[in-house]
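A.B. asks: Data file target-v3.txt (compact mmCIF, C-alpha atoms) is appended below.
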```
# COMPACT_ATOMS: atom_id res chain seq x y z
CA LEU A 1019 0.00 0.00 0.00
CA GLU A 1020 2.78 2.44 0.91
CA TYR A 1021 4.65 1.67 -2.31
CA THR A 1022 1.55 2.06 -4.49
CA ASN A 1023 0.59 5.29 -2.72
CA ALA A 1024 4.12 6.60 -3.37
CA LEU A 1025 3.83 5.66 -7.06
CA ALA A 1026 0.55 7.56 -7.26
CA ASP A 1027 2.18 10.61 -5.65
CA ILE A 1028 4.97 10.53 -8.25
CA LEU A 1029 2.52 10.06 -11.12
CA ALA A 1030 0.35 12.93 -9.89
CA ALA A 1031 3.41 15.19 -10.00
CA LEU A 1032 4.19 14.08 -13.58
CA LEU A 1033 0.68 14.40 -15.05
CA PRO A 1034 -0.35 17.64 -16.76
CA ALA A 1035 -2.07 20.07 -14.42
CA ARG A 1036 -5.85 19.77 -14.43
CA GLY A 1037 -5.76 17.41 -17.41
CA ASP A 1038 -8.80 15.51 -18.61
CA THR A 1039 -6.90 12.27 -19.14
CA PRO A 1040 -6.36 10.14 -16.04
CA GLY A 1041 -3.05 8.55 -15.27
CA SER A 1042 -2.84 4.83 -14.60
CA ILE A 1043 -0.70 2.45 -12.62
CA SER A 1044 -0.86 -1.22 -13.45
CA THR A 1045 -0.27 -3.72 -10.70
CA VAL A 1046 -0.29 -7.44 -10.04
CA PRO A 1047 -3.70 -8.67 -8.97
CA GLY A 1048 -3.23 -9.02 -5.25
CA ALA A 1049 -0.89 -11.95 -4.74
CA PHE A 1050 0.15 -15.32 -6.05
CA LYS A 1051 -2.94 -17.50 -5.87
CA PRO A 1052 -1.57 -19.95 -3.24
CA ASN A 1053 -0.86 -16.98 -0.93
CA ALA A 1054 -4.45 -15.76 -1.19
CA ALA A 1055 -6.29 -19.05 -0.96
CA ASN A 1056 -8.51 -18.07 1.95
CA PRO A 1057 -11.28 -15.52 2.49
CA GLN A 1058 -9.25 -13.53 5.05
CA ALA A 1059 -6.39 -12.93 2.58
CA ILE A 1060 -8.82 -11.91 -0.15
CA ALA A 1061 -10.60 -9.52 2.24
CA GLN A 1062 -7.25 -7.99 3.25
CA ILE A 1063 -6.28 -7.46 -0.41
CA ALA A 1064 -9.62 -5.78 -1.10
CA ASP A 1065 -9.26 -3.61 2.01
CA LEU A 1066 -5.80 -2.42 0.95
CA LEU A 1067 -7.10 -1.56 -2.53
CA ILE A 1068 -9.95 0.44 -1.01
CA ARG A 1069 -7.47 2.26 1.24
CA HIS A 1070 -5.44 3.08 -1.86
CA VAL A 1071 -8.55 4.59 -3.46
CA ALA A 1072 -8.90 6.81 -0.38
CA HIS A 1073 -5.33 7.99 -1.03
CA LEU A 1074 -6.14 8.60 -4.71
CA LEU A 1075 -9.15 10.68 -3.71
CA GLY A 1076 -6.94 12.86 -1.53
CA LEU A 1077 -4.51 13.31 -4.42
CA GLU A 1078 -7.35 14.15 -6.78
CA GLN A 1079 -8.68 16.76 -4.38
CA LYS A 1080 -5.22 18.27 -3.83
CA THR A 1081 -3.91 18.17 -7.42
CA GLY A 1082 -6.96 17.85 -9.69
CA ARG A 1083 -5.37 14.76 -11.26
CA THR A 1084 -7.23 11.48 -11.50
CA ILE A 1085 -5.29 8.22 -11.22
CA VAL A 1086 -6.62 4.74 -11.88
CA LEU A 1087 -5.07 1.66 -10.30
CA ALA A 1088 -5.35 -1.06 -12.95
CA LEU A 1089 -5.32 -4.65 -11.70
CA GLU A 1090 -3.65 -6.90 -14.27
CA PRO A 1091 -4.98 -10.47 -14.46
CA GLU A 1092 -1.95 -12.71 -14.58
CA PRO A 1093 -1.38 -16.48 -14.63
CA CYS A 1094 -0.83 -18.03 -11.19
CA CYS A 1095 -2.14 -14.94 -9.39
CA LEU A 1096 -5.32 -14.31 -7.41
CA LEU A 1097 -6.92 -12.96 -10.60
CA GLU A 1098 -5.77 -15.09 -13.51
CA THR A 1099 -8.60 -14.45 -15.94
CA VAL A 1100 -10.98 -11.69 -16.88
CA ALA A 1101 -13.85 -13.74 -15.42
CA GLU A 1102 -12.05 -13.91 -12.06
CA THR A 1103 -11.36 -10.18 -12.28
CA VAL A 1104 -15.02 -9.39 -12.94
CA ALA A 1105 -16.07 -11.54 -9.99
CA PHE A 1106 -13.49 -9.93 -7.66
CA PHE A 1107 -14.60 -6.43 -8.60
CA ARG A 1108 -18.26 -7.36 -8.20
CA ASP A 1109 -17.86 -9.16 -4.88
CA HIS A 1110 -15.09 -7.15 -3.22
CA LEU A 1111 -14.33 -3.80 -4.86
CA TYR A 1112 -17.66 -2.62 -6.26
CA SER A 1113 -19.73 -4.09 -3.44
CA ARG A 1114 -21.90 -2.14 -1.03
CA ARG A 1115 -19.46 -3.06 1.75
CA ALA A 1116 -16.50 -1.63 -0.21
CA ALA A 1117 -18.41 1.60 -0.83
CA ALA A 1118 -19.30 1.86 2.86
CA THR A 1119 -15.65 1.34 3.83
CA LEU A 1120 -14.46 4.00 1.40
CA ALA A 1121 -17.22 6.38 2.49
CA SER A 1122 -16.03 6.03 6.07
CA LEU A 1123 -12.33 6.45 5.17
CA ALA A 1124 -12.82 9.45 2.90
CA GLY A 1125 -15.81 11.16 4.49
CA LEU A 1126 -18.03 10.63 1.44
CA ALA A 1127 -21.68 9.84 0.90
CA LEU A 1128 -22.26 6.23 -0.17
CA GLY A 1129 -23.07 7.18 -3.78
CA GLU A 1130 -19.92 9.29 -4.02
CA ALA A 1131 -17.86 6.38 -2.69
CA GLU A 1132 -19.37 4.01 -5.25
CA ALA A 1133 -18.52 6.46 -8.05
CA ALA A 1134 -14.97 6.87 -6.71
CA LEU A 1135 -14.37 3.11 -6.69
CA HIS A 1136 -15.42 2.95 -10.36
CA ARG A 1137 -13.29 6.00 -11.22
CA HIS A 1138 -10.10 4.89 -9.47
CA LEU A 1139 -10.07 1.09 -9.87
CA GLY A 1140 -9.87 -0.57 -13.25
CA ALA A 1141 -8.12 -3.30 -15.19
CA CYS A 1142 -4.98 -3.66 -17.25
CA LEU A 1143 -5.42 -6.20 -20.02
CA ASP A 1144 -2.17 -7.90 -20.99
CA LEU A 1145 -2.86 -9.81 -24.19
CA CYS A 1146 -0.09 -12.33 -23.56
CA HIS A 1147 -1.51 -13.15 -20.13
CA ALA A 1148 -4.94 -13.58 -21.71
CA ALA A 1149 -3.42 -15.90 -24.32
CA VAL A 1150 -1.67 -17.97 -21.66
CA GLU A 1151 -5.07 -18.40 -20.00
CA PHE A 1152 -6.63 -19.33 -23.39
CA GLU A 1153 -8.92 -16.30 -23.32
CA ASP A 1154 -10.21 -14.74 -26.51
CA PRO A 1155 -8.65 -11.24 -26.61
CA ALA A 1156 -11.68 -9.87 -28.47
CA ASP A 1157 -14.02 -10.93 -25.65
CA CYS A 1158 -11.95 -9.56 -22.74
CA PRO A 1159 -12.69 -5.82 -23.18
CA ASP A 1160 -16.40 -6.54 -23.63
CA ALA A 1161 -16.52 -8.59 -20.42
CA LEU A 1162 -14.82 -5.81 -18.45
CA ALA A 1163 -17.05 -3.12 -19.96
CA GLY A 1164 -20.14 -5.22 -19.26
CA ALA A 1165 -19.16 -5.29 -15.59
CA GLY A 1166 -18.52 -1.53 -15.53
CA ILE A 1167 -14.78 -2.00 -15.00
CA PRO A 1168 -12.70 0.67 -16.77
CA LEU A 1169 -10.04 -0.69 -19.10
CA ALA A 1170 -7.28 1.66 -17.95
CA LYS A 1171 -4.49 0.07 -19.92
CA ILE A 1172 -3.90 -2.52 -22.65
CA GLN A 1173 -0.51 -4.15 -23.00
CA VAL A 1174 0.00 -5.58 -26.46
CA THR A 1175 2.47 -8.33 -25.77
CA ALA A 1176 3.11 -11.63 -27.45
CA GLY A 1177 2.93 -15.23 -26.39
CA LEU A 1178 4.28 -18.15 -28.31
CA ARG A 1179 2.01 -21.03 -29.22
CA ILE A 1180 3.42 -24.42 -30.01
CA ALA A 1181 0.85 -26.81 -31.41
CA ARG A 1182 2.97 -29.88 -30.74
CA VAL A 1183 5.97 -30.04 -28.43
CA THR A 1184 8.89 -31.79 -30.09
CA ALA A 1185 12.63 -31.88 -29.53
CA ASP A 1186 13.02 -29.31 -32.35
CA SER A 1187 10.44 -26.93 -30.85
CA VAL A 1188 12.07 -27.17 -27.42
CA ALA A 1189 15.46 -26.45 -28.99
CA GLY A 1190 13.93 -23.46 -30.78
CA LEU A 1191 12.71 -22.06 -27.46
CA GLN A 1192 16.18 -22.15 -25.86
CA SER A 1193 17.01 -18.68 -27.20
CA PHE A 1194 14.15 -17.25 -25.08
CA ASP A 1195 15.54 -18.72 -21.86
CA ASP A 1196 17.18 -15.58 -20.53
CA GLY A 1197 16.79 -16.14 -16.78
CA VAL A 1198 15.75 -12.53 -16.21
CA TYR A 1199 11.98 -12.80 -16.59
CA LEU A 1200 9.41 -15.14 -15.16
CA HIS A 1201 8.22 -17.15 -18.15
CA GLN A 1202 4.74 -18.57 -17.97
CA VAL A 1203 4.14 -21.89 -19.66
CA VAL A 1204 0.75 -23.52 -19.80
CA GLU A 1205 -0.25 -26.73 -21.50
CA ARG A 1206 -3.75 -27.66 -22.60
CA ALA A 1207 -4.45 -31.32 -23.17
CA SER A 1208 -7.98 -32.60 -23.67
CA ASP A 1209 -9.37 -29.22 -22.49
CA VAL A 1210 -7.49 -29.47 -19.17
CA LEU A 1211 -4.89 -26.84 -18.27
CA HIS A 1212 -1.56 -27.93 -16.77
```
Would you encode the structure as structure tokens?

C.D. replies:
Amino acid sequence: LEYTNALADILAALLPARGDTPGSISTVPGAFKPNAANPQAIAQIADLLIRHVAHLLGLEQKTGRTIVLALEPEPCCLLETVAETVAFFRDHLYSRRAAATLASLAGLALGEAEAALHRHLGACLDLCHAAVEFEDPADCPDALAGAGIPLAKIQVTAGLRIARVTADSVAGLQSFDDGVYLHQVVERASDVLH
């Protein structure tokens, strides 16, 4: 929370004064899934995101700049798919309870808090992550829009698809093994993900 608040402070200083275009910060969606496998962890993640929105409201009031925190669905994380993202927003970030919490933190009426959650929390769609999860990239923006979740950022990245793994295809992939980045590999066999 402190780190993300500090990022927002820096971004607010960099954005044009009183601009109409919001700034955005993309972030991992909460935690690695095994670390958030219980309702208490999920509630804590949601609470921290709501507290960040309270910080963003203070920045908006002070600077006139709007910043959106964009949760990025990512393989192996709490929110891996757009469907999981929509459910998390519906159940935890755009819920009546979330609005009541933000209203209390920021001294807002409930309706103002609901609007603030929609204004300051959105999604970052990484097309490679969607591909790794076998999502149709054309459907993802529609699903987010249908749930009222702003698409704050799209990352046009690439994922490799290998129809059949062979010794030659594995050898061809060796040049991508750089050791610097976390590479996500998913296998689908008989409609089951591995």

A.B. asks: What's the separation between CA of Cys1142 in chain A and CA of Ala1024 in chain A, in Å to one decimal place?

C.D. replies: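 So the two atoms, CA of Cys1142 in chain A and CA of Ala1024 in chain A, lie 19.5 Å apart.
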
A.B. asks: What are the closest atom pairs, with distances in Å to one decimal, for each residue of range 1165-1187 of chain A lying within 12 Å of range 1029-1046 of chain A, using all atoms listed in the file, rows by chain and rising residue number, as a tab-separated table?

C.D. replies:
```
residue	atom	partner	partner_atom	distance
A:Pro1168	CA	A:Ser1042	CA	10.9
A:Leu1169	CA	A:Ser1042	CA	10.1
A:Ala1170	CA	A:Ser1042	CA	6.4
A:Lys1171	CA	A:Ser1042	CA	7.3
A:Ile1172	CA	A:Ser1044	CA	9.8
A:Gln1173	CA	A:Ser1044	CA	10.0
```

A.B. asks: For the atom pair CA of Cys1095 in chain A and CA of Pro1047 in chain A, what is the interatomic distance in Å to one decimal place?

C.D. replies: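 Those two atoms sit 6.5 Å apart.
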
A.B. asks: Quick one: everything within 12 Å of Ile1060 in chain A, counting only C-alpha atoms, minus sequence neighbours fewer than 2 positions away in the same chain. Send it as a PyMOL selection string.

C.D. replies: chain A and resi 1047-1058+1062-1067+1095-1097+1106-1107+1109-1111

A.B. asks: So that I can see what lies close to Leu1135 in chain A, please list as a PyMOL selection string the residues with an atom at most 9 Å from it, counting only C-alpha atoms and leaving out residues fewer than 2 positions away in the same chain.

C.D. replies: chain A and resi 1068+1071+1111-1112+1116-1117+1120+1130-1133+1137-1140

A.B. asks: Have a look at CA of Gly1125 in chain A and CA of Thr1022 in chain A and let me know their distance in Å, one decimal.

C.D. replies: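 Distance between the two atoms: 21.6 Å.
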
A.B. asks: Using only C-alpha atoms, which of the listed residues (A:Pro1159, A:Ser1187, A:Asp1196, A:Ala1059) sits closest to Thr1103 in chain A?

C.D. replies: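 Among the listed residues, the smallest separation from Thr1103 in chain A belongs to A:Pro1159.
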
A.B. asks: When you count only C-alpha atoms, which of these residues is closest to Leu1145 in chain A: A:Val1183, A:Ala1105, A:Val1100, A:Leu1128?

C.D. replies: A:Val1100

A.B. asks: My list of candidates is A:Thr1099, A:Thr1184, A:Thr1119, A:Ser1113. Which is closest to Leu1143 in chain A when distances are computed with only C-alpha atoms?

C.D. replies: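 Going through A:Thr1099, A:Thr1184, A:Thr1119, A:Ser1113 one by one, the smallest distance to Leu1143 in chain A is for A:Thr1099.
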
A.B. asks: Smallest atom-to-atom distance to Asp1144 in chain A: which of A:Glu1098, A:Asp1160, A:Arg1179, A:Ala1072, using only C-alpha atoms?

C.D. replies: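 Residue with the minimum atom-to-atom distance to Asp1144 in chain A: A:Glu1098.
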
A.B. asks: Given only C-alpha atoms as the basis, pick out the residue of A:Ala1207, A:Val1188, A:Ala1149, A:Leu1025 nearest to Val1174 in chain A.

C.D. replies: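 Among A:Ala1207, A:Val1188, A:Ala1149, A:Leu1025, it is A:Ala1149 that comes nearest to Val1174 in chain A.
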
A.B. asks: In terms of the shortest atom-to-atom distance over all atoms listed in the file, which of A:Leu1074, A:Val1198, A:Leu1191, A:Ala1026 is closest to Ala1124 in chain A?

C.D. replies: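 Of A:Leu1074, A:Val1198, A:Leu1191, A:Ala1026, the one nearest Ala1124 in chain A, counting all atoms listed in the file, is A:Leu1074.
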